[in-house]
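See below for final.txt, which holds compact mmCIF, C-alpha atoms.
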```txt
# COMPACT_ATOMS: atom_id res chain seq x y z
CA MET D 1 -116.26 99.23 -51.22
CA THR D 2 -112.91 97.51 -51.68
CA LEU D 3 -112.06 97.10 -55.37
CA LEU D 4 -110.69 93.82 -56.69
CA ASN D 5 -106.91 93.92 -56.81
CA LYS D 6 -103.92 91.60 -57.22
CA ASP D 7 -103.06 91.60 -53.50
CA MET D 8 -106.44 90.36 -52.26
CA THR D 9 -106.58 87.28 -50.06
CA LEU D 10 -109.19 84.83 -51.33
CA CYS D 11 -111.40 82.49 -49.31
CA ILE D 12 -114.01 80.20 -50.87
CA SER D 13 -116.74 77.71 -50.11
CA LEU D 14 -117.51 74.41 -51.84
CA SER D 15 -121.07 73.12 -51.80
CA GLY D 16 -123.47 71.06 -53.82
CA ARG D 17 -125.99 73.89 -53.45
CA PRO D 18 -124.13 77.15 -52.79
CA SER D 19 -125.93 79.96 -51.00
CA ASN D 20 -125.03 83.58 -50.39
CA ASN D 21 -125.04 83.22 -46.59
CA GLY D 22 -121.32 82.66 -46.12
CA THR D 23 -120.43 85.02 -48.94
CA ARG D 24 -122.39 87.88 -47.41
CA PHE D 25 -121.26 87.14 -43.84
CA HIS D 26 -117.54 87.02 -44.60
CA ASN D 27 -117.44 89.84 -47.15
CA PHE D 28 -119.43 92.12 -44.83
CA LEU D 29 -116.88 91.59 -42.06
CA TYR D 30 -113.93 92.01 -44.42
CA GLU D 31 -115.34 95.40 -45.40
CA GLU D 32 -116.21 96.27 -41.80
CA LEU D 33 -112.67 95.49 -40.61
CA GLY D 34 -110.91 97.04 -43.60
CA LEU D 35 -109.40 93.75 -44.77
CA ASN D 36 -108.21 93.36 -48.37
CA TRP D 37 -109.95 89.96 -48.61
CA ILE D 38 -112.76 88.49 -50.69
CA TYR D 39 -114.97 85.40 -50.32
CA LYS D 40 -116.64 83.47 -53.16
CA ALA D 41 -118.92 80.41 -53.23
CA PHE D 42 -118.46 77.58 -55.74
CA ALA D 43 -120.23 74.37 -56.78
CA PRO D 44 -117.28 72.19 -57.85
CA THR D 45 -117.53 69.75 -60.72
CA ASP D 46 -114.42 67.89 -59.50
CA LEU D 47 -113.66 67.99 -55.76
CA GLU D 48 -110.06 66.79 -56.02
CA GLN D 49 -109.24 69.44 -58.61
CA ALA D 50 -110.99 72.09 -56.52
CA ILE D 51 -108.85 71.30 -53.48
CA ALA D 52 -105.74 71.20 -55.67
CA GLY D 53 -106.75 74.72 -56.70
CA VAL D 54 -106.94 75.81 -53.07
CA ARG D 55 -103.38 74.63 -52.60
CA GLY D 56 -101.97 75.75 -55.93
CA LEU D 57 -103.57 79.20 -55.99
CA GLY D 58 -102.79 80.04 -52.38
CA ILE D 59 -106.45 80.33 -51.39
CA ARG D 60 -106.34 81.00 -47.66
CA GLY D 61 -109.51 79.27 -46.50
CA CYS D 62 -112.15 76.93 -47.82
CA ALA D 63 -115.53 76.15 -46.28
CA VAL D 64 -116.92 72.71 -47.13
CA SER D 65 -120.64 71.91 -47.20
CA MET D 66 -122.83 68.96 -48.18
CA PRO D 67 -122.09 66.59 -49.82
CA TYR D 68 -118.31 66.95 -49.55
CA LYS D 69 -117.61 66.92 -45.80
CA GLU D 70 -116.30 63.36 -45.77
CA ASP D 71 -114.95 63.01 -49.33
CA VAL D 72 -112.63 65.99 -48.88
CA ILE D 73 -110.62 64.18 -46.17
CA ALA D 74 -108.61 62.36 -48.84
CA PHE D 75 -107.22 65.64 -50.19
CA VAL D 76 -106.00 67.45 -47.04
CA ASP D 77 -102.67 67.15 -45.19
CA ARG D 78 -103.71 67.43 -41.56
CA MET D 79 -106.87 66.72 -39.57
CA GLU D 80 -107.33 68.96 -36.53
CA PRO D 81 -108.97 67.05 -33.61
CA SER D 82 -112.42 68.59 -34.17
CA ALA D 83 -112.47 67.01 -37.65
CA ALA D 84 -110.49 63.85 -36.93
CA ALA D 85 -112.75 62.82 -34.06
CA ILE D 86 -115.79 62.62 -36.33
CA ASP D 87 -114.23 62.11 -39.78
CA SER D 88 -116.04 65.17 -41.11
CA VAL D 89 -114.63 68.45 -42.43
CA ASN D 90 -116.30 71.80 -42.96
CA THR D 91 -113.27 74.10 -42.93
CA ILE D 92 -109.83 73.99 -44.55
CA VAL D 93 -107.05 76.44 -43.72
CA ASN D 94 -104.12 76.80 -46.14
CA ASP D 95 -100.79 77.64 -44.50
CA ASP D 96 -98.24 77.98 -47.32
CA GLY D 97 -99.59 74.95 -49.15
CA ILE D 98 -100.28 72.81 -46.08
CA LEU D 99 -104.02 72.14 -45.81
CA THR D 100 -105.42 71.62 -42.30
CA ALA D 101 -108.99 70.44 -41.85
CA TYR D 102 -111.31 71.54 -39.04
CA ASN D 103 -114.96 71.06 -38.12
CA THR D 104 -116.61 74.24 -36.84
CA ASP D 105 -120.09 72.68 -37.17
CA TYR D 106 -119.37 70.74 -34.00
CA SER D 107 -118.46 73.83 -31.99
CA ALA D 108 -121.52 75.70 -33.31
CA ILE D 109 -123.92 72.90 -32.30
CA ALA D 110 -122.25 72.55 -28.90
CA GLN D 111 -122.55 76.30 -28.35
CA LEU D 112 -126.27 76.30 -29.21
CA ILE D 113 -126.95 73.35 -26.90
CA ALA D 114 -125.34 75.31 -24.06
CA GLU D 115 -126.91 78.67 -24.94
CA ASN D 116 -130.41 77.15 -25.00
CA ALA D 117 -129.76 75.21 -21.78
CA LEU D 118 -130.98 71.97 -23.34
CA ASP D 119 -131.54 69.31 -20.67
CA ALA D 120 -129.14 66.39 -21.08
CA GLY D 121 -131.82 64.11 -19.66
CA SER D 122 -134.09 64.79 -22.64
CA SER D 123 -134.74 62.28 -25.38
CA VAL D 124 -133.38 63.33 -28.79
CA LEU D 125 -134.31 62.26 -32.32
CA LEU D 126 -131.69 63.17 -34.94
CA ARG D 127 -132.73 62.67 -38.56
CA GLY D 128 -129.80 62.32 -40.95
CA SER D 129 -126.57 60.38 -41.41
CA GLY D 130 -124.05 62.59 -43.26
CA GLY D 131 -121.07 64.58 -42.06
CA MET D 132 -123.23 67.19 -40.34
CA ALA D 133 -125.07 64.38 -38.53
CA LYS D 134 -121.76 63.15 -37.13
CA ALA D 135 -120.92 66.62 -35.85
CA THR D 136 -124.37 67.04 -34.31
CA ALA D 137 -124.38 63.60 -32.69
CA ALA D 138 -120.91 64.22 -31.26
CA ALA D 139 -121.98 67.57 -29.80
CA PHE D 140 -125.01 66.03 -28.10
CA ARG D 141 -122.93 63.12 -26.78
CA ASP D 142 -120.28 65.46 -25.38
CA ALA D 143 -123.01 67.58 -23.73
CA GLY D 144 -124.07 64.50 -21.75
CA PHE D 145 -127.06 63.30 -23.78
CA THR D 146 -127.54 59.53 -23.78
CA ARG D 147 -131.16 59.02 -24.91
CA VAL D 148 -130.47 59.72 -28.56
CA THR D 149 -131.91 57.99 -31.64
CA ILE D 150 -130.38 58.35 -35.11
CA ALA D 151 -133.15 58.12 -37.72
CA ALA D 152 -131.61 57.43 -41.11
CA ARG D 153 -132.78 55.73 -44.27
CA ASN D 154 -129.18 54.75 -45.01
CA GLU D 155 -128.82 51.90 -42.52
CA ASP D 156 -125.05 51.51 -42.82
CA ALA D 157 -124.35 55.22 -42.26
CA GLY D 158 -127.01 55.53 -39.57
CA ARG D 159 -125.77 52.51 -37.62
CA LEU D 160 -122.19 53.74 -37.93
CA ILE D 161 -123.04 57.02 -36.20
CA ALA D 162 -125.25 55.33 -33.62
CA ASP D 163 -122.57 52.77 -32.75
CA LEU D 164 -119.85 55.43 -32.65
CA TYR D 165 -121.65 57.36 -29.91
CA ASP D 166 -123.52 54.49 -28.24
CA PHE D 167 -126.88 55.72 -29.53
CA ILE D 168 -129.77 53.88 -31.18
CA TRP D 169 -130.45 53.63 -34.91
CA GLN D 170 -133.82 53.32 -36.59
CA SER D 171 -135.13 53.70 -40.13
CA ASP D 172 -136.34 57.25 -40.70
CA ALA D 173 -139.50 55.72 -42.20
CA GLU D 174 -140.73 55.10 -38.66
CA GLY D 175 -142.37 58.49 -38.28
CA THR D 176 -144.28 57.57 -35.13
CA THR D 177 -141.21 57.90 -32.88
CA THR D 178 -141.35 61.02 -30.69
CA ALA D 179 -138.71 62.80 -28.62
CA ASP D 180 -138.28 65.87 -26.43
CA ILE D 181 -135.79 67.34 -28.92
CA ILE D 182 -136.11 66.75 -32.67
CA VAL D 183 -133.25 67.72 -35.00
CA ASN D 184 -133.30 67.75 -38.79
CA ILE D 185 -129.89 67.12 -40.35
CA THR D 186 -131.13 66.30 -43.85
CA PRO D 187 -131.65 68.59 -46.90
CA ILE D 188 -135.43 68.44 -46.34
CA GLY D 189 -136.72 72.03 -46.30
CA MET D 190 -133.65 73.46 -48.05
CA ALA D 191 -134.41 76.22 -50.54
CA GLY D 192 -133.95 75.07 -54.11
CA GLY D 193 -134.05 71.39 -53.24
CA PRO D 194 -136.66 68.82 -54.25
CA ASP D 195 -138.09 68.78 -50.71
CA GLU D 196 -137.95 72.51 -49.97
CA HIS D 197 -141.62 72.69 -48.96
CA GLU D 198 -141.63 69.46 -46.92
CA LEU D 199 -141.43 68.88 -43.17
CA ALA D 200 -138.63 66.68 -41.87
CA PHE D 201 -140.89 65.51 -39.02
CA THR D 202 -144.58 64.78 -38.75
CA ASP D 203 -147.09 67.07 -37.07
CA MET D 204 -147.32 64.50 -34.27
CA GLN D 205 -143.56 64.54 -33.71
CA ILE D 206 -143.52 68.34 -33.65
CA ALA D 207 -146.43 68.45 -31.19
CA ALA D 208 -144.70 65.99 -28.86
CA ALA D 209 -141.37 67.83 -28.86
CA SER D 210 -140.33 70.71 -26.62
CA VAL D 211 -137.45 71.78 -28.88
CA VAL D 212 -137.42 71.88 -32.69
CA PHE D 213 -133.95 72.20 -34.20
CA ASP D 214 -133.23 72.46 -37.94
CA VAL D 215 -129.64 72.69 -39.19
CA VAL D 216 -130.77 73.76 -42.68
CA ALA D 217 -129.61 77.37 -43.01
CA MET D 218 -131.39 78.41 -46.17
CA PRO D 219 -133.98 79.70 -45.87
CA ALA D 220 -133.60 81.02 -42.32
CA GLU D 221 -137.25 80.06 -41.68
CA THR D 222 -137.54 76.51 -43.00
CA PRO D 223 -140.92 74.75 -43.03
CA LEU D 224 -139.84 72.89 -39.87
CA ILE D 225 -138.83 76.06 -38.03
CA ARG D 226 -142.09 77.77 -39.02
CA ALA D 227 -144.09 74.77 -37.83
CA GLY D 228 -142.19 74.61 -34.56
CA ARG D 229 -142.63 78.31 -33.92
CA ALA D 230 -146.36 78.11 -34.72
CA ALA D 231 -146.68 75.24 -32.24
CA GLY D 232 -145.07 77.31 -29.50
CA LYS D 233 -141.89 75.24 -29.30
CA THR D 234 -138.37 76.41 -28.57
CA VAL D 235 -136.79 76.63 -32.01
CA ILE D 236 -133.12 76.60 -33.00
CA SER D 237 -132.48 77.43 -36.64
CA GLY D 238 -129.82 76.52 -39.13
CA ALA D 239 -129.17 80.24 -39.56
CA GLU D 240 -127.95 80.30 -35.95
CA VAL D 241 -125.69 77.33 -36.65
CA ALA D 242 -124.38 79.00 -39.80
CA THR D 243 -123.47 82.23 -38.00
CA ARG D 244 -121.57 80.49 -35.24
CA GLN D 245 -119.65 78.14 -37.48
CA ALA D 246 -118.87 80.93 -39.96
CA LEU D 247 -117.55 83.14 -37.16
CA LYS D 248 -115.19 80.37 -36.08
CA GLN D 249 -114.07 80.00 -39.71
CA PHE D 250 -113.52 83.75 -39.96
CA VAL D 251 -111.21 83.66 -36.95
CA LEU D 252 -109.32 80.63 -38.28
CA TYR D 253 -108.78 82.34 -41.64
CA THR D 254 -107.94 85.86 -40.50
CA GLY D 255 -106.77 85.54 -36.90
CA ILE D 256 -109.20 88.35 -36.02
CA ARG D 257 -112.26 88.07 -33.76
CA PRO D 258 -114.88 90.68 -34.75
CA SER D 259 -116.83 92.38 -31.98
CA ASP D 260 -120.26 91.08 -31.00
CA GLU D 261 -121.78 94.20 -32.55
CA GLN D 262 -120.01 93.54 -35.85
CA VAL D 263 -121.19 89.91 -35.84
CA ARG D 264 -124.79 90.99 -35.20
CA ALA D 265 -124.54 93.49 -38.06
CA ALA D 266 -123.22 90.73 -40.34
CA GLU D 267 -126.14 88.49 -39.30
CA GLU D 268 -128.61 91.24 -40.16
CA PHE D 269 -126.89 91.73 -43.52
CA VAL D 270 -127.24 88.02 -44.29
CA ARG D 271 -130.94 87.98 -43.29
CA ALA D 272 -131.64 91.04 -45.47
CA GLN D 273 -130.82 89.22 -48.73
```
Taking this structure as input, can you express it in the form of C-alpha cells?
Amino acid sequence: MTLLNKDMTLCISLSGRPSNNGTRFHNFLYEELGLNWIYKAFAPTDLEQAIAGVRGLGIRGCAVSMPYKEDVIAFVDRMEPSAAAIDSVNTIVNDDGILTAYNTDYSAIAQLIAENALDAGSSVLLRGSGGMAKATAAAFRDAGFTRVTIAARNEDAGRLIADLYDFIWQSDAEGTTTADIIVNITPIGMAGGPDEHELAFTDMQIAAASVVFDVVAMPAETPLIRAGRAAGKTVISGAEVATRQALKQFVLYTGIRPSDEQVRAAEEFVRAQ
C-alpha cells in the first residue's frame, strides 16, 4: 500500500451524497499501476469555495455528481464540447490552474446503448430532468432515437430537455405511460436517500418494457434493477455507467489507459464493498 506523502497527486469527487464507488475504483487502479496518487470523496458545503480549492491546491481532477453538474459551470475556465453541448459537467481537469470541464456520463451512456444493441426504433421513457438527464437524452438522440418522452415533475426543466432534443415532455405523475425502454435518471432507489426502497416506474411500466435502465449506481442492484431482472428484462445498471464514466475520468486525469483486466479487477473491488 502506498503511504501518504507530500508528493502525492490528489483527485477528488464532489457530491450531495458521496459514495465509495469512485474512491475504490480510482485508488485500486492507482495502486495497481504504481501511481503516487490518491482519490477522496467530499460533500461540499460551499461549491464555489470547493472549486476554488481545486484550483488553489493544485488538485488534478474533480468528479462532479448530483446536484452540482450544472451549478459548477460558473466556476470553470473552459467547457470541452461533451460538456458544452449539454450544459452539464461531471469531470474537471486542472492543468496548472486552468479548469476544463468534461462530461463523461454522455460517453458512458452512448457506449452502453451501443454495447446492448438497443434498437433506435424503440420508444423510450426517460424519468428525470437534471444534468444526468441531459447527458442521457443527448446520448439517445445521437444514437438515432426519436420516440423519446421526458417524464419530469419539474415542467420547466423537463420541457427544456425535451425541446432541446426534439422529444416530448410529460409530467412524471402520469405513470400509465409505457415504453420499450425505461430509464430512471432520478435519485429514486439510491441508497441512503428518502426513496431508496421505491421503484422509479410502476409494475405495469416494467412489464411493458423490454429494457430496464437505471443510472443510479449505489447500490449496484437498485429496486428497479432487481424488479427488471425478476421480470426477465434486459437490465442496464448504474454501476455499469459508473465504471465507464470513471474509466474515462481516470484516463483524462492520468493519461494512462488501464488494461481491460485491470478495469474488471477494479469493478470487482468496487462491488465487494
Quiz item: Can you tell me, as a ChimeraX atom specification, what residues are no more than 10 Å from Asp142 (chain D) when counting all atoms listed in the file, ignoring any on the same chain fewer than 3 positions away?
Solution: /D:110,120,136-139,145-146,165
Take the residues from that selection and put them in a file with C-alpha atoms, as a tab-separated table (two decimals), in the coordinates of the input.
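Saved file again05.tsv follows:
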```tsv
chain	number	residue	atom	x	y	z
D	110	ALA	CA	-122.25	72.55	-28.90
D	120	ALA	CA	-129.14	66.39	-21.08
D	136	THR	CA	-124.37	67.04	-34.31
D	137	ALA	CA	-124.38	63.60	-32.69
D	138	ALA	CA	-120.91	64.22	-31.26
D	139	ALA	CA	-121.98	67.57	-29.80
D	145	PHE	CA	-127.06	63.30	-23.78
D	146	THR	CA	-127.54	59.53	-23.78
D	165	TYR	CA	-121.65	57.36	-29.91
```
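Nearest residue to Ala74 (chain D), choosing from D:Leu10, D:Ile51, D:Asn90, D:Ser259 and counting all atoms listed in the file: D:Ile51.
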Practice problem: Report the distance between CA of Ser107 (chain D) and CA of Asp214 (chain D) in Å, rounded to one decimal place. | Solution: 16.0 Å
Quiz item: Taking only C-alpha atoms into account, which of D:Leu35, D:Ile188, D:Ala41, D:Ala135 comes nearest Val89 (chain D)?
Solution: D:Ala135
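Counting all atoms listed in the file, Arg24 (chain D) has the following residues at most 10 Å away, ignoring those fewer than 2 positions along the same chain: D:Ser19, D:Asn20, D:Asn21, D:Gly22, D:His26, D:Asn27, D:Phe28, D:Leu29, D:Tyr30, D:Tyr39, D:Lys40, D:Ala266, D:Glu267, D:Phe269, D:Val270, D:Arg271, D:Ala272, D:Gln273.
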Exercise. Pick out the closest residue to Ser123 (chain D) from this set: D:Arg147, D:Arg257, D:Lys69, D:His197. Count all atoms listed in the file.
Key: D:Arg147
Quiz prompt | Spatial neighbours of Ala227 (chain D), 12 Å, all atoms listed in the file, chain gap at least 6 places, as a PyMOL selection string | solution = chain D and resi 189+197-207+209+211-214+221+233-235+237
Keeping C-alpha atoms, export the residues of the selection given above as a compact mmCIF listing (two decimals), in the coordinates of the input.
```txt
# COMPACT_ATOMS: atom_id res chain seq x y z
CA GLY D 189 -136.72 72.03 -46.30
CA HIS D 197 -141.62 72.69 -48.96
CA GLU D 198 -141.63 69.46 -46.92
CA LEU D 199 -141.43 68.88 -43.17
CA ALA D 200 -138.63 66.68 -41.87
CA PHE D 201 -140.89 65.51 -39.02
CA THR D 202 -144.58 64.78 -38.75
CA ASP D 203 -147.09 67.07 -37.07
CA MET D 204 -147.32 64.50 -34.27
CA GLN D 205 -143.56 64.54 -33.71
CA ILE D 206 -143.52 68.34 -33.65
CA ALA D 207 -146.43 68.45 -31.19
CA ALA D 209 -141.37 67.83 -28.86
CA VAL D 211 -137.45 71.78 -28.88
CA VAL D 212 -137.42 71.88 -32.69
CA PHE D 213 -133.95 72.20 -34.20
CA ASP D 214 -133.23 72.46 -37.94
CA GLU D 221 -137.25 80.06 -41.68
CA LYS D 233 -141.89 75.24 -29.30
CA THR D 234 -138.37 76.41 -28.57
CA VAL D 235 -136.79 76.63 -32.01
CA SER D 237 -132.48 77.43 -36.64
```
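For Ala84 (chain D), the residues within 12 Å (counting all atoms listed in the file, excluding itself and residues fewer than 3 positions away along the chain) are Lys69, Glu70, Ile73, Val76, Asp77, Arg78, Met79, Glu80, Pro81, Asp87, Ser88, Val89, Asn90, Thr100, Ala101, Tyr102, Asn103, Tyr106, Gly131, Lys134, Ala135 and Ala138 of chain D.
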